[in-house]
file query.cif (mmCIF, C-alpha atoms)
data_query
#
loop_
_atom_site.group_PDB
_atom_site.id
_atom_site.type_symbol
_atom_site.label_atom_id
_atom_site.label_comp_id
_atom_site.auth_asym_id
_atom_site.auth_seq_id
_atom_site.Cartn_x
_atom_site.Cartn_y
_atom_site.Cartn_z
ATOM 1 C CA MET A 1 7.495 -21.386 -31.285
ATOM 2 C CA ASP A 2 10.718 -22.884 -30.027
ATOM 3 C CA TYR A 3 13.195 -20.246 -28.849
ATOM 4 C CA GLN A 4 15.938 -22.571 -27.592
ATOM 5 C CA ASN A 5 18.244 -21.631 -30.484
ATOM 6 C CA ASP A 6 17.258 -17.966 -30.744
ATOM 7 C CA PRO A 7 20.302 -15.751 -29.945
ATOM 8 C CA SER A 8 18.178 -12.994 -28.356
ATOM 9 C CA ALA A 9 16.347 -15.520 -26.179
ATOM 10 C CA LEU A 10 19.599 -17.125 -25.060
ATOM 11 C CA LYS A 11 21.183 -13.754 -24.218
ATOM 12 C CA LEU A 12 18.077 -12.665 -22.333
ATOM 13 C CA TYR A 13 18.011 -15.978 -20.452
ATOM 14 C CA ALA A 14 21.684 -15.689 -19.473
ATOM 15 C CA PHE A 15 21.151 -12.127 -18.283
ATOM 16 C CA LEU A 16 17.959 -12.887 -16.319
ATOM 17 C CA SER A 17 19.422 -15.986 -14.692
ATOM 18 C CA GLN A 18 22.394 -14.013 -13.414
ATOM 19 C CA TRP A 19 20.356 -10.896 -12.571
ATOM 20 C CA THR A 20 17.700 -12.694 -10.509
ATOM 21 C CA ARG A 21 20.394 -14.591 -8.581
ATOM 22 C CA SER A 22 22.413 -11.457 -7.842
ATOM 23 C CA HIS A 23 19.273 -9.461 -6.946
ATOM 24 C CA PRO A 24 17.232 -11.966 -4.898
ATOM 25 C CA THR A 25 14.707 -9.325 -3.803
ATOM 26 C CA TRP A 26 14.358 -7.796 -7.285
ATOM 27 C CA ALA A 27 10.543 -7.959 -7.130
ATOM 28 C CA TYR A 28 10.058 -6.515 -3.654
ATOM 29 C CA GLU A 29 10.578 -3.325 -1.714
ATOM 30 C CA PRO A 30 10.833 -3.301 2.051
ATOM 31 C CA SER A 31 7.834 -1.565 3.555
ATOM 32 C CA GLY A 32 8.086 -1.584 7.302
ATOM 33 C CA TRP A 33 7.445 -5.103 8.521
ATOM 34 C CA MET A 34 6.279 -6.317 5.129
ATOM 35 C CA MET A 35 7.638 -6.584 1.631
ATOM 36 C CA THR A 36 5.555 -5.069 -1.163
ATOM 37 C CA LEU A 37 5.738 -5.880 -4.840
ATOM 38 C CA LYS A 38 7.676 -3.272 -6.829
ATOM 39 C CA SER A 39 6.026 -1.391 -9.656
ATOM 40 C CA VAL A 40 6.670 -2.289 -13.291
ATOM 41 C CA GLU A 41 8.377 1.096 -13.717
ATOM 42 C CA SER A 42 10.754 0.394 -10.842
ATOM 43 C CA VAL A 43 11.818 -3.016 -12.174
ATOM 44 C CA THR A 44 12.081 -1.569 -15.699
ATOM 45 C CA SER A 45 14.428 1.092 -14.365
ATOM 46 C CA ASP A 46 16.465 -1.546 -12.522
ATOM 47 C CA LEU A 47 16.807 -3.594 -15.716
ATOM 48 C CA MET A 48 17.731 -0.626 -17.885
ATOM 49 C CA SER A 49 20.446 0.449 -15.472
ATOM 50 C CA GLU A 50 22.314 -2.795 -16.141
ATOM 51 C CA VAL A 51 24.949 -2.571 -18.879
ATOM 52 C CA GLU A 52 24.442 -6.227 -19.821
ATOM 53 C CA PHE A 53 20.723 -5.633 -20.437
ATOM 54 C CA ASP A 54 21.571 -2.847 -22.846
ATOM 55 C CA GLU A 55 23.685 -5.274 -24.887
ATOM 56 C CA ILE A 56 20.733 -7.593 -25.599
ATOM 57 C CA ASN A 57 19.118 -6.937 -28.983
ATOM 58 C CA LEU A 58 15.416 -6.776 -28.163
ATOM 59 C CA ALA A 59 14.252 -4.839 -31.224
ATOM 60 C CA GLY A 60 12.250 -7.700 -32.774
ATOM 61 C CA VAL A 61 11.382 -9.296 -29.464
ATOM 62 C CA VAL A 62 8.606 -6.845 -28.649
ATOM 63 C CA LYS A 63 6.926 -7.639 -31.953
ATOM 64 C CA SER A 64 7.068 -11.413 -31.471
ATOM 65 C CA PRO A 65 3.555 -12.874 -31.329
ATOM 66 C CA ASP A 66 2.008 -11.643 -28.079
ATOM 67 C CA GLY A 67 5.479 -11.095 -26.620
ATOM 68 C CA GLN A 68 5.860 -14.863 -26.612
ATOM 69 C CA LEU A 69 9.660 -14.810 -26.621
ATOM 70 C CA ILE A 70 9.770 -12.730 -23.440
ATOM 71 C CA GLU A 71 7.198 -14.945 -21.706
ATOM 72 C CA THR A 72 9.043 -18.090 -22.762
ATOM 73 C CA VAL A 73 12.398 -16.851 -21.484
ATOM 74 C CA VAL A 74 10.903 -15.637 -18.202
ATOM 75 C CA ALA A 75 9.321 -19.090 -17.797
ATOM 76 C CA TRP A 76 12.806 -20.611 -18.111
ATOM 77 C CA VAL A 77 13.926 -18.424 -15.198
ATOM 78 C CA LEU A 78 10.745 -18.237 -13.091
ATOM 79 C CA PRO A 79 8.730 -21.429 -13.540
ATOM 80 C CA TRP A 80 5.548 -19.986 -12.012
ATOM 81 C CA PRO A 81 3.593 -18.447 -14.911
ATOM 82 C CA THR A 82 0.636 -17.560 -12.718
ATOM 83 C CA SER A 83 2.671 -15.685 -10.109
ATOM 84 C CA LEU A 84 2.729 -11.922 -9.664
ATOM 85 C CA GLU A 85 6.532 -11.972 -9.977
ATOM 86 C CA PHE A 86 6.270 -13.662 -13.399
ATOM 87 C CA LYS A 87 3.852 -11.033 -14.720
ATOM 88 C CA LEU A 88 5.928 -8.234 -13.186
ATOM 89 C CA LEU A 89 9.121 -9.411 -14.900
ATOM 90 C CA VAL A 90 7.404 -9.948 -18.277
ATOM 91 C CA ASP A 91 5.835 -6.476 -18.121
ATOM 92 C CA ALA A 92 9.117 -4.850 -17.013
ATOM 93 C CA ILE A 93 11.150 -6.493 -19.795
ATOM 94 C CA THR A 94 8.512 -5.528 -22.363
ATOM 95 C CA ALA A 95 8.504 -1.916 -21.135
ATOM 96 C CA ALA A 96 12.324 -1.805 -21.120
ATOM 97 C CA ALA A 97 12.480 -3.247 -24.646
ATOM 98 C CA LYS A 98 9.967 -0.661 -25.905
ATOM 99 C CA ALA A 99 11.855 2.172 -24.183
ATOM 100 C CA LYS A 100 15.123 0.933 -25.650
ATOM 101 C CA GLN A 101 13.539 0.669 -29.099
ATOM 102 C CA ASN A 102 12.117 4.215 -28.850
ATOM 103 C CA SER A 103 15.515 5.511 -27.727
ATOM 104 C CA GLN A 104 17.205 3.838 -30.690
ATOM 105 C CA ARG A 105 14.643 5.376 -33.045
ATOM 106 C CA GLY A 106 15.335 8.800 -31.540
ATOM 107 C CA VAL A 107 19.065 8.394 -32.082
ATOM 108 C CA ALA A 108 18.503 7.218 -35.666
ATOM 109 C CA ALA A 109 16.217 10.187 -36.367
ATOM 110 C CA GLY A 110 18.794 12.567 -34.882
ATOM 111 C CA LEU A 111 21.566 11.083 -37.008
ATOM 112 C CA THR A 112 19.413 11.300 -40.126
ATOM 113 C CA LEU A 113 18.628 14.936 -39.397
ATOM 114 C CA ALA A 114 22.299 15.731 -38.787
ATOM 115 C CA ALA A 115 23.286 14.027 -42.051
ATOM 116 C CA GLY A 116 20.612 16.002 -43.899
ATOM 117 C CA VAL A 117 21.850 19.283 -42.458
ATOM 118 C CA LEU A 118 25.445 18.427 -43.420
ATOM 119 C CA LEU A 119 24.423 17.502 -46.975
ATOM 120 C CA PHE A 120 22.390 20.684 -47.282
ATOM 121 C CA ALA A 121 25.331 22.746 -46.017
ATOM 122 C CA MET A 122 27.723 21.031 -48.434
ATOM 123 C CA PHE A 123 25.545 21.553 -51.493
ATOM 124 C CA SER A 124 24.301 25.032 -50.659
ATOM 125 C CA SER A 125 27.796 26.422 -50.054
ATOM 126 C CA ASP A 126 28.655 26.234 -53.779
#

call {"tool": "encode", "arguments": {"input": "query.cif", "output": "structure tokens"}}
result
Amino acid sequence: MDYQNDPSALKLYAFLSQWTRSHPTWAYEPSGWMMTLKSVESVTSDLMSEVEFDEINLAGVVKSPDGQLIETVVAWVLPWPTSLEFKLLVDAITAAAKAKQNSQRGVAAGLTLAAGVLLFAMFSSD
């Protein structure tokens, strides 16, 4: 599928392009004399701490066929699809999108519960 006109893909691309440039060692942690690859959880946390990442609507992205939208956008930013960094970024974005989606569901469930309690209180006070 072609994602060049997809608003979510374009927003994700703009964010990742800027984020990878401003965080040139995003994939690595210093470990003495060497650099080691960060964990998916660490990069996910780094992504989720960015306000701009939170503004990207990734709700349907996770359900795209095999996460194809995420892989396509990461390929626009990191043109090495066989690299460890590529897989790390795809996995981190997918995990962040799922966490964001679960958080949104929790908020929606909380709001629904609160509305139900208010309605119950309104109608049972008569």

call {"tool": "closest_residue", "arguments": {"input": "query.cif", "among": "A:Ser124, A:Ser42, A:Asn57, A:Asn5", "to": "Tyr28 of chain A", "atoms": "all atoms listed in the file"}}
result
A:Ser42

call {"tool": "axis_aligned_box", "arguments": {"input": "query.cif", "around": "segment 20-34 of chain A", "padding_each_side": "5 Å", "output": "AutoDock Vina command-line options"}}
result
--center_x 14.3 --center_y -8.1 --center_z -1.0 --size_x 26.1 --size_y 23.0 --size_z 29.0

call {"tool": "residues_around", "arguments": {"input": "query.cif", "residues": "Glu29 of chain A", "least_positions_apart": "3", "cutoff": "6 Å", "atoms": "all atoms listed in the file", "output": "MDAnalysis selection string"}}
result
chainID A and resid 35:36 38

call {"tool": "residues_around", "arguments": {"input": "query.cif", "residues": "Ile93 of chain A", "least_positions_apart": "3", "cutoff": "8 Å", "atoms": "only C-alpha atoms", "output": "list in words"}}
result
Thr44, Leu47, Ile70, Leu89, Val90, Ala96 and Ala97 of chain A

call {"tool": "resolve_selection", "arguments": {"input": "query.cif", "expression": "the PyMOL selection byres ((chain A and resi 77) around 8)", "output": "list in words"}}
result
Tyr13, Leu16, Ser17, Val73, Val74, Ala75, Trp76, Leu78 and Pro79 of chain A

call {"tool": "closest_residue", "arguments": {"input": "query.cif", "among": "A:Ile56, A:Ala99, A:Leu88, A:Trp80", "to": "Lys11 of chain A", "atoms": "all atoms listed in the file"}}
result
A:Ile56

call {"tool": "closest_residue", "arguments": {"input": "query.cif", "among": "A:Gln4, A:Gln18, A:Phe123, A:Glu71", "to": "Lys87 of chain A", "atoms": "all atoms listed in the file"}}
result
A:Glu71

call {"tool": "atom_distance", "arguments": {"input": "query.cif", "atom1": "atom CA of Trp26 of chain A", "atom2": "atom CA of Leu12 of chain A"}}
result
16.2 Å

call {"tool": "closest_residue", "arguments": {"input": "query.cif", "among": "A:Asp91, A:Glu85, A:Asp46, A:Asp2", "to": "Gly67 of chain A", "atoms": "all atoms listed in the file"}}
result
A:Asp91

call {"tool": "atom_distance", "arguments": {"input": "query.cif", "atom1": "atom CA of Ala27 of chain A", "atom2": "atom CA of Ala92 of chain A"}}
result
10.5 Å

call {"tool": "residues_near_point", "arguments": {"input": "query.cif", "point": "(13.9, -3.1, -27.5)", "cutoff": "6 Å", "atoms": "only C-alpha atoms", "output": "PyMOL selection string"}}
result
chain A and resi 58-59+97-98+100-101

call {"tool": "write_last_selection", "arguments": {"input": "query.cif", "atoms": "C-alpha atoms", "output": "compact mmCIF listing (two decimals), in the coordinates of the input"}}
result
# COMPACT_ATOMS: atom_id res chain seq x y z
CA LEU A 58 15.42 -6.78 -28.16
CA ALA A 59 14.25 -4.84 -31.22
CA ALA A 97 12.48 -3.25 -24.65
CA LYS A 98 9.97 -0.66 -25.90
CA LYS A 100 15.12 0.93 -25.65
CA GLN A 101 13.54 0.67 -29.10

call {"tool": "closest_residue", "arguments": {"input": "query.cif", "among": "A:Thr72, A:Ser31, A:Thr25, A:Ser8", "to": "Val43 of chain A", "atoms": "only C-alpha atoms"}}
result
A:Thr25
